[in-house]
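Peer 1: The structure that follows is given in the form of structure tokens.
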Amino acid sequence: MRLPALVICASLTAAAGGLPVDLVRQACAGCHQGQSAAGGLDVTALSTNLADRATREKWIRMHDRVDKREMPPKGTPFPAAMRTAMRAPLSRALHEADRADVAVHGRAPMRRLNRDEYEQNLRDLLQLPHLDIRDMLPEDREAYHFNKVSEALDMSRVQLAAYLDATEAALRQAMAASVQPPAATQFRTFGFKLFPGLRSTGTLSSMFFIKDNRGINVESERATPLTAEQERDETIEMGLFRSPGWPYGAFPRGFAAPHSGEYRVRLRARAVLQHPGFKVTPTRGYVPMTLRSRRPTNHDIAEDVKSVGGILEIQPEPRVYETTVLLNKGQTVEYGLLGLPVPQVDAIPSRPGSYRFPPFPPGGAPGVAFQWIEIEGPLAPPAWPPPSHRVLFDDLGATPAPAQAKVEARRLLRRFAALAARGGVRVTEEALRSFEDLVNARLEKHEPFAEAMLTGYQAFLSSGLFIYLQEPRDDGGIAERLSHFLANSRPDADLMRRAREQSLRDPRVLRTEVDRLIAGPGFARFVKGLADYWLSLRHLRRDDPDIRLYPEYRLDEYLVDSMERETLEFVAALLRDNLPVRTLVQADFVYTNDRLARHYDLPPVSGSALRRVSLPPGSPLGGLLTQGAILKITANGTSTSPVLRGAWIMDRVLGEPPPPPPPGVPAVEPDIRGARTIREQLALHTKSVTCKACHAKFDPVGLALENFDVSGRWRTRYRGIAEGERVSGIDHTGHDFAYTLAGAVNPSGTLIDGRSFKDVRELKALFAANPRGLARNLLHQFTVYATGTPARFSDRREIDRILDSCAGQGYRARDLLHAFVESRIFLGGNATK
């Protein structure tokens, strides 16, 4: 365990030149010399070549452990003066060595666009806002928690082939396939045709038809044939009282999109309550719903079902609702009610294949009564050919004559290259000739002019001229970095105008552009990209809650969706509203809606839209640590783990990642019987002195969050399946459940530095007392996300300068972002600062 400090001693002697050799030997050689050196380290045989990156990285890790007082081990005599005498010269040597490397090789290598960026680049370049080619590309590898890191974004033959296929698909979508736009179709249906059949899965209570507020054709689970009069009756409504969940198919009969594109959907509906006997009355509130794009098949097995058109809040009085949805050819729209029962098969154990609608809540079961639906589309663009076609072919009308084909191809190819080139850089004539040769070869084979041009465009968009981002060398490079940082795409026209003016090194101009991008539509992409990887939000749906212990969360997509939106809105507000960085861990507000308010036991909130709500005094909520999404991500669905939660917080929020566990050490297995508390399990797991010393860094942090279950709801007792007080009933899928309330939660603990807390409120206060540490970590996240490379040793002085400049205002998040963008870390090696 003494290895890092000893290695530092050797490095200081040889590399820094100012560290006395006698001090090094006095402190280190006693244990680390010769063949029997502790840990296999002989301080007299260490390389001291700090120009070598691998060697330098070792020294940096060792420097940091001495600086954090992790080495030498506790109990080893090591006066502060000796620590300074070792650390200070090494710090200077590492800084100078790293700065020299940056001067020669640049701060970061070029990096490939990840698949999210590539898709958005094509959307913006080709003016195809709904282009969907991301999943045609291989998933990007990650490093330092992000999918934007140079060293992880390699390029293989498989990836190149995928880029070529994805680019071809995008170009064909951009090109107008006909002289006129596809004709829009008009579809309208009502009554019994609002549903694929006369019955739905999940019993008759899940869906039945209504006339005069009473169910019709409900005498038995088996439907009877309709009369001709009933088929024509436009006053009959379709009543739906369940949310989607396999097997499920709830869409109007007889519609499938004839072409891919945008469709306008109008429907007349009202929110109702179902009572025994299939009677309905108006609700006192609303029922939220969305539409889902899918193919009109019986069940959504292996079907790419997506929510489209936003959330509609259906009110109790009949109204007409209108939205626009994106459909692929052959798809339809499905009714997706939110937060309602989801009857599942085999509900009654003695009857295989049975369904059971759960008991009605007091006052009745909410649902929606639909009267009619209209679908129109695909909606024609304002002009034809569409803008995407003009990107490829300018104002070229007819196919050019053979004698003019090469001349026209040369013009169009150079025009396209100028539009697509990175940072407005002029593509060399040599590079252009290679693409031109591809086009000419196709023309000489008498292939259609458009097909020949697509070959050249495809090659350009799959080449390094488009796929790779360089370290900024000029204002065009700064524009590229800034746009890919805050919008996940290529620079827009305003930003490129600033680049051509060479004004992006002016802090006032840069600040204006940052503020404009934060206010723009691309900022949501930045927030999602940052949160998906920094906060692991992309894993929110990875582990479903164990239905034995948490039946109330089963198939509750509305809750999960609301959790995701809460965290995204919080991260956006942190920067948009320039909140103090301590808000990350301690806030007096939350973003909530109707579903989250129930989940967090807050006063009722009306509506599915998120809004900022002040917390009552003493609330444990507020900040990232107690958000449902974060708490779900850091649990495994069956149990909460102080180890996982504590390590995650130390790493992602505080910037102090724990070392990986030693090989062969098993994870802490949950005791779902409820017989043993998590503290008792951890005590057994950390009997080893080595394990205990490491776990002391993060286990207490995780224990403070034990008052929150696997989906972030407050609890005071653990759940089990054997020991404790029995709780039973029927869940919202119609299945029986039974669990036990076992031991009480104890959220108190003591941090490794000796500070104690009794619950999560006090822990958050301890973290909030170190805003500089929180701000430093946020800057490190910005650095990786923006530059594709983690903060280097020579960046540390710049980061300290940024922190110093923001300290007076409480390290506000937007101030930190502005200062970071204006720093040499962001602006590149030629920055003047």
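Residues in the structure tokens are numbered from 1 in each chain, the chains being A, B, ... in the order shown, and ligands are numbered from 1 in the order shown.
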Counting only C-alpha atoms, give me one row per residue of stretch 75-128 of chain A with an atom at most 9 Å from an atom of stretch 47-63 of chain A, showing the shortest contact pair and its distance in Å to one decimal, sorted by chain then residue number, as JSON lines.

Peer 2:
```
{"residue": "A:Met86", "atom": "CA", "partner": "A:His63", "partner_atom": "CA", "distance": 8.9}
{"residue": "A:Arg87", "atom": "CA", "partner": "A:His63", "partner_atom": "CA", "distance": 6.6}
{"residue": "A:Leu90", "atom": "CA", "partner": "A:His63", "partner_atom": "CA", "distance": 7.3}
{"residue": "A:Ser91", "atom": "CA", "partner": "A:His63", "partner_atom": "CA", "distance": 7.4}
{"residue": "A:Ala93", "atom": "CA", "partner": "A:Leu50", "partner_atom": "CA", "distance": 8.0}
{"residue": "A:Leu94", "atom": "CA", "partner": "A:Leu50", "partner_atom": "CA", "distance": 7.0}
{"residue": "A:Ala97", "atom": "CA", "partner": "A:Ala51", "partner_atom": "CA", "distance": 6.0}
{"residue": "A:Asp98", "atom": "CA", "partner": "A:Ala51", "partner_atom": "CA", "distance": 7.7}
{"residue": "A:Ala100", "atom": "CA", "partner": "A:Ala51", "partner_atom": "CA", "distance": 8.3}
{"residue": "A:Asp101", "atom": "CA", "partner": "A:Ala51", "partner_atom": "CA", "distance": 7.2}
```

Peer 1: Deliver the residues from the most recent selection as a file, using N, CA, C and O atoms, as a CSV table (one decimal), in the first residue's frame.

Peer 2:
```csv
chain,number,residue,atom,x,y,z
A,86,MET,N,8.5,16.7,-1.3
A,86,MET,CA,8.3,15.7,-2.4
A,86,MET,C,7.4,16.1,-3.4
A,86,MET,O,7.6,16.0,-4.6
A,87,ARG,N,6.2,16.7,-3.0
A,87,ARG,CA,5.1,17.0,-4.0
A,87,ARG,C,5.4,18.2,-4.9
A,87,ARG,O,5.2,18.1,-6.1
A,90,LEU,N,7.8,17.6,-7.9
A,90,LEU,CA,7.2,16.7,-8.9
A,90,LEU,C,6.1,17.4,-9.6
A,90,LEU,O,5.9,17.2,-10.8
A,91,SER,N,5.3,18.2,-8.9
A,91,SER,CA,4.2,18.9,-9.6
A,91,SER,C,4.7,19.8,-10.7
A,91,SER,O,4.2,19.9,-11.8
A,93,ALA,N,7.6,19.5,-12.3
A,93,ALA,CA,8.2,18.7,-13.3
A,93,ALA,C,7.1,18.1,-14.2
A,93,ALA,O,7.2,18.1,-15.5
A,94,LEU,N,6.0,17.6,-13.6
A,94,LEU,CA,4.9,17.0,-14.4
A,94,LEU,C,4.2,18.1,-15.2
A,94,LEU,O,3.9,17.8,-16.4
A,97,ALA,N,6.6,18.9,-18.2
A,97,ALA,CA,6.6,17.8,-19.1
A,97,ALA,C,5.4,17.7,-19.9
A,97,ALA,O,5.4,17.4,-21.2
A,98,ASP,N,4.2,17.8,-19.3
A,98,ASP,CA,3.0,17.7,-20.0
A,98,ASP,C,2.8,18.9,-20.9
A,98,ASP,O,2.3,18.7,-22.1
A,100,ALA,N,5.1,20.5,-22.4
A,100,ALA,CA,6.0,20.3,-23.6
A,100,ALA,C,5.4,19.3,-24.5
A,100,ALA,O,5.5,19.5,-25.8
A,101,ASP,N,4.7,18.3,-24.0
A,101,ASP,CA,4.0,17.3,-24.9
A,101,ASP,C,2.9,18.0,-25.7
A,101,ASP,O,2.7,17.7,-26.9
```

Peer 1: Extract, using only C-alpha atoms, all DNA, RNA and protein residues at most 10 Å from stretch 768-782 of chain A, discarding same-chain residues fewer than 3 positions from it, and format them as JSON, numbers by chain.

Peer 2: {"A": [144, 145, 146, 485, 530, 533, 534, 580, 581, 582, 583, 584, 585, 586, 587, 651, 652, 653, 654, 655, 656, 762, 763, 764, 765, 785, 786, 787, 788, 789, 790, 791, 792, 796, 799, 800, 802, 803, 804, 806, 807, 810, 811, 812, 813, 816, 817, 819, 820, 821, 826]}

Peer 1: Mind checking which residues fall within 12 Å of A:Glu429, counting only C-alpha atoms, ignoring those fewer than 4 positions away in the same chain, and posting them as a compact mmCIF listing (two decimals) with N, CA, C and O atoms, in the first residue's frame?

Peer 2:
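Below you can see selection12.txt, which holds the result:
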```txt
# COMPACT_ATOMS: atom_id res chain seq x y z
N ARG A 410 -19.01 18.56 -61.56
CA ARG A 410 -17.89 19.27 -60.91
C ARG A 410 -18.41 20.43 -60.08
O ARG A 410 -17.99 20.64 -58.94
N LEU A 413 -20.48 19.10 -56.96
CA LEU A 413 -19.63 18.45 -55.97
C LEU A 413 -18.86 19.48 -55.14
O LEU A 413 -18.76 19.37 -53.92
N ARG A 414 -18.33 20.51 -55.81
CA ARG A 414 -17.60 21.55 -55.07
C ARG A 414 -18.54 22.39 -54.21
O ARG A 414 -18.16 22.82 -53.13
N ALA A 417 -19.24 20.15 -51.16
CA ALA A 417 -18.07 20.07 -50.28
C ALA A 417 -17.92 21.36 -49.47
O ALA A 417 -17.56 21.32 -48.28
N ALA A 418 -18.21 22.49 -50.08
CA ALA A 418 -18.12 23.76 -49.35
C ALA A 418 -19.17 23.83 -48.23
O ALA A 418 -18.90 24.37 -47.16
N ARG A 433 -10.62 16.08 -56.30
CA ARG A 433 -10.47 15.29 -57.51
C ARG A 433 -10.75 13.81 -57.26
O ARG A 433 -11.29 13.11 -58.12
N SER A 434 -10.41 13.33 -56.06
CA SER A 434 -10.65 11.91 -55.77
C SER A 434 -12.16 11.62 -55.74
O SER A 434 -12.60 10.57 -56.23
N PHE A 435 -12.95 12.55 -55.21
CA PHE A 435 -14.40 12.36 -55.20
C PHE A 435 -14.97 12.56 -56.61
O PHE A 435 -15.90 11.85 -57.02
N GLU A 436 -14.40 13.52 -57.33
CA GLU A 436 -14.86 13.78 -58.69
C GLU A 436 -14.60 12.58 -59.59
O GLU A 436 -15.44 12.24 -60.45
```

Peer 1: In Å, how far is it from atom CA of A:Asn114 to atom CA of A:Glu139?

Peer 2: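 Between atom CA of A:Asn114 and atom CA of A:Glu139 the gap is 8.5 Å.
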
Peer 1: Considering only C-alpha atoms, can you say which of A:Arg576, A:Arg266, A:Arg717, A:Arg541 comes closest to A:Asp561?

Peer 2: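 Closest candidate: A:Arg541.
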
Peer 1: Just list as a VMD selection string whatever in stretch 19-206 of chain A DSSP marks as alpha helix (DSSP H).

Peer 2: chain A and resid 21 to 24 53 to 67 80 to 105 115 to 126 157 to 174

Peer 1: Report the distance between atom CA of A:Ala88 and atom CA of A:Lys74 in Å, rounded to one decimal place.

Peer 2: 20.8 Å

Peer 1: Measure the distance from atom CA of A:Pro196 to atom CA of A:Pro252 in Å and round it to one decimal.

Peer 2: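 Atom CA of A:Pro196 sits 6.1 Å away from atom CA of A:Pro252.
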
Peer 1: Give the answer as one residue: which of A:Pro387, A:Leu579, A:Glu798, A:Phe416 has the shortest atom-to-atom distance to A:His95, using only C-alpha atoms?

Peer 2: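 Checking each of A:Pro387, A:Leu579, A:Glu798, A:Phe416 against A:His95, counting only C-alpha atoms, the winner is A:Glu798.
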